[in-house]
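Student: To start, I am sharing the structure in question, which I have written as structure tokens.
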Amino acid sequence: MTKPHARALPLSLLLAAGCGGSEMPIDAATPADAASAPDTFVVADDAATPTDAGTDAFSPDAPRRPPLERFMTLPQRIACPPALGFREDGTPVVAVVNMNALRVYEQRGASWTQIGPDVTAEGISIVADGCPGLVVSGDDTIYVAFEQVAAGSTYTAHVQHLAGAAWVDDFTVPSPSGHAVVDIDVDRDSSGEPVIAMLERNATAFGYGVAIRRRVGGTFVRAPMLDTLTVGEVRIAVRPDDTVVAAITHTVGPFGTGVGILELSPTDVWTTRDDVDLVGDTTQGLTLTGLDADATRSWITWVRGTSGGERFTHLSELIGNTYRSLDPEEFHAQYPDVAHRDGDVLAWAFADDFKLTVQDYDGTGFGAPLVDMDSPVNIVSLQYHGDDLWAACTTTFGGGPADALIVRVTFPE
């Protein structure tokens, strides 16, 4: 389904990259002091001019690239990507970590305006492999999921929603020691209710397992936890029949270390699918970066690290219990994510030498880049909303702290 939220890029990838780069040519004002940043930020629209993208962008074999709208939302001052969602009328909503505060903004005309107070005055924990998530329910309620650290390094995971002018706790996951959760992801079901995934301490295996909560009758209900695997990362996507697809990396279990898929039925029955067929050197680990799914298929983006310090990007499709590789060739780009719209409309994005590249898939292979933006960005989330494709990114200015960037790709008739 079309992802109605932004998936946070694992912090491990952001830190490994160093997030360096030169100044982004955006016309929006960027306050130097994040602590005194105003509540409203001007939107900078920039229609991109099609240029050569490695092949003739105007030839019959390479369709003209669509225009872009680039929005500099606000300085984040921390290596954590923006989380993007949409109201029912299509209004974009974004959650960002700014210094120690988690804030939510929506686009109003030509500006982004903070809605509600700061979610928390306590410190926001950038959990081991993820950042806060945001999802907007079918009744336009905004939910955020995050981990908070208080004095004495006490960690608590929260899911809250905006009720009037206040953020209200839906549930919390405390931890007696260390992180309460190590990863968070969000989606919504066919009725528009939020679905929350967290990696919580595992009662059976050593480490963390997948905990899925659905909102039923106004209350979040946790499904039976699958605790036969030790899971390091999780991404979720909800199928039209409300089956929750969970892509994971794991280190203990029937398949050993790997990247695989679990499925939780609407009646809370878990099914374990096979792992992705790993290729090449994986001695420096595996990182899960993206997931999307439709009624019968799932798509995963993942990165493997080699003993030589190289990082290779992959896109795998699962139908039934069989995988096939869709990435055109083995290459060194990072931060991939994937988004599916309808039928065979599939796109993926990645940062190739910190340049945003977006390609679409025609059923047999990927075409020329729809977007090939020569700017220092890190891809963190890709999703369709209606006919438009949106990428939520982080960028840096002169090697400074990371800032939030939203890229909208429109497709003219």
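We name chains A, B, ... following the order of the structure tokens; residues begin at 1 in each chain, and ligands are numbered from 1 as shown.
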Tell me, as a PDB file with C-alpha atoms, in the first residue's frame, which residues lie within 6 Å of A:Leu382, counting only C-alpha atoms; anything in the same chain fewer than 2 positions away does not count.
Tutor:
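Listed below is the output, around-v7.pdb:
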```pdb
ATOM      1  CA  ASP A 337      13.986   3.123   0.228  1.00  0.00           C
ATOM      2  CA  ALA A 339       7.567   2.895  -2.548  1.00  0.00           C
ATOM      3  CA  TRP A 390       7.675  12.330  -1.784  1.00  0.00           C
ATOM      4  CA  ALA A 391      11.141  11.883  -0.299  1.00  0.00           C
TER       5      ALA A 391
END
```
Student: Need the shell around stretch 141-152 of chain A: protein/DNA/RNA residues with any atom at most 9 Å away, counting only C-alpha atoms. Skip same-chain ones fewer than 3 positions apart. Format as a VMD selection string?
Tutor: chain A and resid 85 87 93 95 102 104 119 to 120 122 to 127 131 to 138 155 to 163 173 179 to 182 184 to 186 194 196
Student: Those residues with N, CA and C atoms, as a compact mmCIF listing (two decimals), in the first residue's frame please?
Tutor:
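Now in out.txt:
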```
# COMPACT_ATOMS: atom_id res chain seq x y z
N GLY A 85 3.92 12.69 7.10
CA GLY A 85 2.61 12.08 6.93
C GLY A 85 1.68 13.06 6.26
N ARG A 87 -2.53 14.61 6.09
CA ARG A 87 -3.92 14.65 6.50
C ARG A 87 -4.80 14.11 5.38
N VAL A 93 2.28 16.82 6.87
CA VAL A 93 2.60 17.01 8.29
C VAL A 93 3.96 16.36 8.52
N ALA A 95 7.22 15.58 11.44
CA ALA A 95 7.77 15.59 12.80
C ALA A 95 9.28 15.61 12.70
N LEU A 102 10.96 17.25 20.30
CA LEU A 102 10.26 16.67 19.16
C LEU A 102 9.09 17.60 18.83
N VAL A 104 6.11 19.00 15.76
CA VAL A 104 5.31 18.63 14.60
C VAL A 104 4.86 19.89 13.88
N VAL A 119 6.36 18.13 21.72
CA VAL A 119 5.82 16.86 22.19
C VAL A 119 6.34 16.54 23.58
N THR A 120 7.61 16.83 23.84
CA THR A 120 8.17 16.57 25.16
C THR A 120 9.28 17.55 25.44
N GLU A 122 11.52 16.67 27.68
CA GLU A 122 12.64 15.80 28.02
C GLU A 122 13.47 15.53 26.77
N GLY A 123 14.62 14.91 26.95
CA GLY A 123 15.46 14.59 25.81
C GLY A 123 14.86 13.49 24.96
N ILE A 124 15.02 13.60 23.65
CA ILE A 124 14.57 12.55 22.74
C ILE A 124 15.75 11.61 22.49
N SER A 125 15.53 10.34 22.74
CA SER A 125 16.56 9.35 22.50
C SER A 125 16.53 8.92 21.04
N ILE A 126 17.66 9.02 20.39
CA ILE A 126 17.79 8.46 19.05
C ILE A 126 18.11 6.98 19.26
N VAL A 127 17.09 6.15 19.18
CA VAL A 127 17.25 4.76 19.55
C VAL A 127 18.26 4.07 18.64
N CYS A 131 14.57 6.42 14.56
CA CYS A 131 14.20 7.73 15.06
C CYS A 131 12.69 7.78 15.21
N PRO A 132 12.15 8.87 15.74
CA PRO A 132 10.70 8.96 15.91
C PRO A 132 9.93 8.75 14.60
N GLY A 133 8.71 8.21 14.74
CA GLY A 133 7.83 8.01 13.60
C GLY A 133 6.55 8.81 13.75
N LEU A 134 5.85 9.05 12.63
CA LEU A 134 4.61 9.82 12.63
C LEU A 134 3.64 9.15 11.67
N VAL A 135 2.36 9.10 12.09
CA VAL A 135 1.30 8.60 11.22
C VAL A 135 0.04 9.40 11.51
N VAL A 136 -0.73 9.71 10.46
CA VAL A 136 -2.00 10.42 10.60
C VAL A 136 -3.13 9.43 10.33
N SER A 137 -4.03 9.29 11.29
CA SER A 137 -5.11 8.32 11.16
C SER A 137 -6.19 8.83 10.21
N GLY A 138 -7.16 7.97 9.90
CA GLY A 138 -8.22 8.32 8.97
C GLY A 138 -9.11 9.43 9.45
N TYR A 155 14.96 5.41 30.27
CA TYR A 155 14.39 5.40 28.93
C TYR A 155 12.94 4.93 28.98
N THR A 156 12.07 5.61 28.24
CA THR A 156 10.68 5.21 28.12
C THR A 156 10.22 5.46 26.69
N ALA A 157 9.61 4.46 26.07
CA ALA A 157 9.04 4.64 24.74
C ALA A 157 7.60 5.11 24.88
N HIS A 158 7.20 6.05 24.01
CA HIS A 158 5.87 6.64 24.06
C HIS A 158 5.21 6.59 22.69
N VAL A 159 3.90 6.43 22.69
CA VAL A 159 3.06 6.77 21.55
C VAL A 159 2.06 7.79 22.06
N GLN A 160 2.00 8.95 21.39
CA GLN A 160 1.11 10.03 21.80
C GLN A 160 0.32 10.53 20.60
N HIS A 161 -0.83 11.15 20.87
CA HIS A 161 -1.60 11.79 19.82
C HIS A 161 -1.95 13.21 20.23
N LEU A 162 -2.19 14.05 19.22
CA LEU A 162 -2.51 15.43 19.49
C LEU A 162 -4.02 15.55 19.70
N ALA A 163 -4.41 15.99 20.90
CA ALA A 163 -5.81 16.19 21.25
C ALA A 163 -6.00 17.66 21.59
N VAL A 173 6.21 2.29 27.07
CA VAL A 173 6.97 1.05 27.28
C VAL A 173 8.20 1.42 28.10
N HIS A 179 17.82 0.83 26.76
CA HIS A 179 16.73 1.32 25.94
C HIS A 179 15.46 0.51 26.18
N ALA A 180 14.32 1.21 26.17
CA ALA A 180 13.04 0.52 26.25
C ALA A 180 12.75 -0.22 24.94
N VAL A 181 13.10 0.40 23.82
CA VAL A 181 12.95 -0.20 22.50
C VAL A 181 14.20 0.12 21.70
N VAL A 182 14.45 -0.66 20.65
CA VAL A 182 15.62 -0.37 19.82
C VAL A 182 15.25 0.02 18.40
N ILE A 184 11.57 1.62 15.97
CA ILE A 184 10.16 2.00 15.92
C ILE A 184 9.76 2.17 14.47
N ASP A 185 8.57 1.69 14.10
CA ASP A 185 8.02 2.00 12.79
C ASP A 185 6.50 2.09 12.92
N VAL A 186 5.87 2.76 11.96
CA VAL A 186 4.43 3.01 12.02
C VAL A 186 3.81 2.86 10.64
N PRO A 194 -3.97 3.62 13.28
CA PRO A 194 -2.51 3.44 13.32
C PRO A 194 -2.10 2.04 13.76
N ILE A 196 1.51 0.25 15.18
CA ILE A 196 2.82 0.62 15.72
C ILE A 196 3.66 -0.63 15.89
```
Student: What gap, in Å, lies between atom CA of A:Asp362 and atom CA of A:Pro240?
Tutor: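 Straight-line distance from atom CA of A:Asp362 to atom CA of A:Pro240 works out to 22.6 Å.
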Student: Which one of A:Glu233, A:Glu69, A:Asp241, A:Asp292 sits closest to A:Ser191 if you count only C-alpha atoms?
Tutor: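 Checking each of A:Glu233, A:Glu69, A:Asp241, A:Asp292 against A:Ser191, counting only C-alpha atoms, the winner is A:Asp241.
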Student: Name the residues in contact with A:Thr271 at a cut-off of 10 Å, using only C-alpha atoms, excluding same-chain residues fewer than 3 positions from it; report them as a list in words.
Tutor: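 Using only C-alpha atoms, the neighbours found are Leu226, Val245, Ile261, Leu262, Glu263, Leu264, Ser265, Asp268 and Asp274 of chain A.
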Student: Please report, as an MDAnalysis selection string, each residue of stretch 144-216 of chain A to which DSSP assigns strand (DSSP E) when run on this structure's backbone.
Tutor: chainID A and resid 144:150 154:163 166:174 181:188 194:201 208:216
Student: Taking C-alpha atoms for each residue, export the selection above as a PDB file, in the first residue's frame.
Tutor:
```pdb
ATOM      1  CA  VAL A 144       3.965  10.186  17.108  1.00  0.00           C
ATOM      2  CA  ALA A 145       6.107   7.322  18.405  1.00  0.00           C
ATOM      3  CA  PHE A 146       9.433   7.986  20.093  1.00  0.00           C
ATOM      4  CA  GLU A 147      11.768   7.055  22.922  1.00  0.00           C
ATOM      5  CA  GLN A 148      12.435   9.590  25.663  1.00  0.00           C
ATOM      6  CA  VAL A 149      15.388   9.760  28.026  1.00  0.00           C
ATOM      7  CA  ALA A 150      14.991  11.480  31.388  1.00  0.00           C
ATOM      8  CA  THR A 154      15.831   6.428  32.307  1.00  0.00           C
ATOM      9  CA  TYR A 155      14.385   5.404  28.931  1.00  0.00           C
ATOM     10  CA  THR A 156      10.676   5.206  28.117  1.00  0.00           C
ATOM     11  CA  ALA A 157       9.041   4.636  24.736  1.00  0.00           C
ATOM     12  CA  HIS A 158       5.865   6.637  24.063  1.00  0.00           C
ATOM     13  CA  VAL A 159       3.060   6.771  21.546  1.00  0.00           C
ATOM     14  CA  GLN A 160       1.112  10.027  21.805  1.00  0.00           C
ATOM     15  CA  HIS A 161      -1.602  11.788  19.816  1.00  0.00           C
ATOM     16  CA  LEU A 162      -2.514  15.434  19.486  1.00  0.00           C
ATOM     17  CA  ALA A 163      -5.814  16.194  21.250  1.00  0.00           C
ATOM     18  CA  ALA A 166      -2.027  18.944  24.065  1.00  0.00           C
ATOM     19  CA  TRP A 167      -0.128  15.732  23.379  1.00  0.00           C
ATOM     20  CA  VAL A 168      -1.729  12.780  25.175  1.00  0.00           C
ATOM     21  CA  ASP A 169      -0.055   9.445  25.973  1.00  0.00           C
ATOM     22  CA  ASP A 170      -1.686   6.391  24.372  1.00  0.00           C
ATOM     23  CA  PHE A 171       0.778   3.945  25.878  1.00  0.00           C
ATOM     24  CA  THR A 172       4.313   3.768  27.208  1.00  0.00           C
ATOM     25  CA  VAL A 173       6.970   1.050  27.281  1.00  0.00           C
ATOM     26  CA  PRO A 174       9.314   1.531  30.248  1.00  0.00           C
ATOM     27  CA  VAL A 181      12.948  -0.201  22.503  1.00  0.00           C
ATOM     28  CA  VAL A 182      15.617  -0.373  19.822  1.00  0.00           C
ATOM     29  CA  ASP A 183      13.551   0.471  16.758  1.00  0.00           C
ATOM     30  CA  ILE A 184      10.163   1.999  15.922  1.00  0.00           C
ATOM     31  CA  ASP A 185       8.016   1.997  12.793  1.00  0.00           C
ATOM     32  CA  VAL A 186       4.432   3.011  12.016  1.00  0.00           C
ATOM     33  CA  ASP A 187       1.739   2.505   9.381  1.00  0.00           C
ATOM     34  CA  ARG A 188      -2.059   2.416   9.325  1.00  0.00           C
ATOM     35  CA  PRO A 194      -2.511   3.441  13.318  1.00  0.00           C
ATOM     36  CA  VAL A 195      -0.352   0.338  13.602  1.00  0.00           C
ATOM     37  CA  ILE A 196       2.817   0.621  15.716  1.00  0.00           C
ATOM     38  CA  ALA A 197       5.848  -1.687  15.624  1.00  0.00           C
ATOM     39  CA  MET A 198       8.552  -1.625  18.297  1.00  0.00           C
ATOM     40  CA  LEU A 199      11.436  -3.900  19.138  1.00  0.00           C
ATOM     41  CA  GLU A 200      10.998  -4.699  22.812  1.00  0.00           C
ATOM     42  CA  ARG A 201      12.922  -6.863  25.219  1.00  0.00           C
ATOM     43  CA  TYR A 208      14.683  -7.856  21.359  1.00  0.00           C
ATOM     44  CA  GLY A 209      11.613  -9.162  19.541  1.00  0.00           C
ATOM     45  CA  VAL A 210       8.886  -7.659  17.350  1.00  0.00           C
ATOM     46  CA  ALA A 211       5.887  -6.144  19.173  1.00  0.00           C
ATOM     47  CA  ILE A 212       2.938  -5.030  17.002  1.00  0.00           C
ATOM     48  CA  ARG A 213       0.118  -2.880  18.399  1.00  0.00           C
ATOM     49  CA  ARG A 214      -3.109  -2.066  16.587  1.00  0.00           C
ATOM     50  CA  ARG A 215      -5.616   0.550  17.699  1.00  0.00           C
ATOM     51  CA  VAL A 216      -8.907  -1.247  18.333  1.00  0.00           C
TER      52      VAL A 216
END
```
Student: Have a look at atom CA of A:Thr410 and atom CA of A:Glu193 and let me know their distance in Å, one decimal.
Tutor: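 Interatomic distance here is 27.6 Å.
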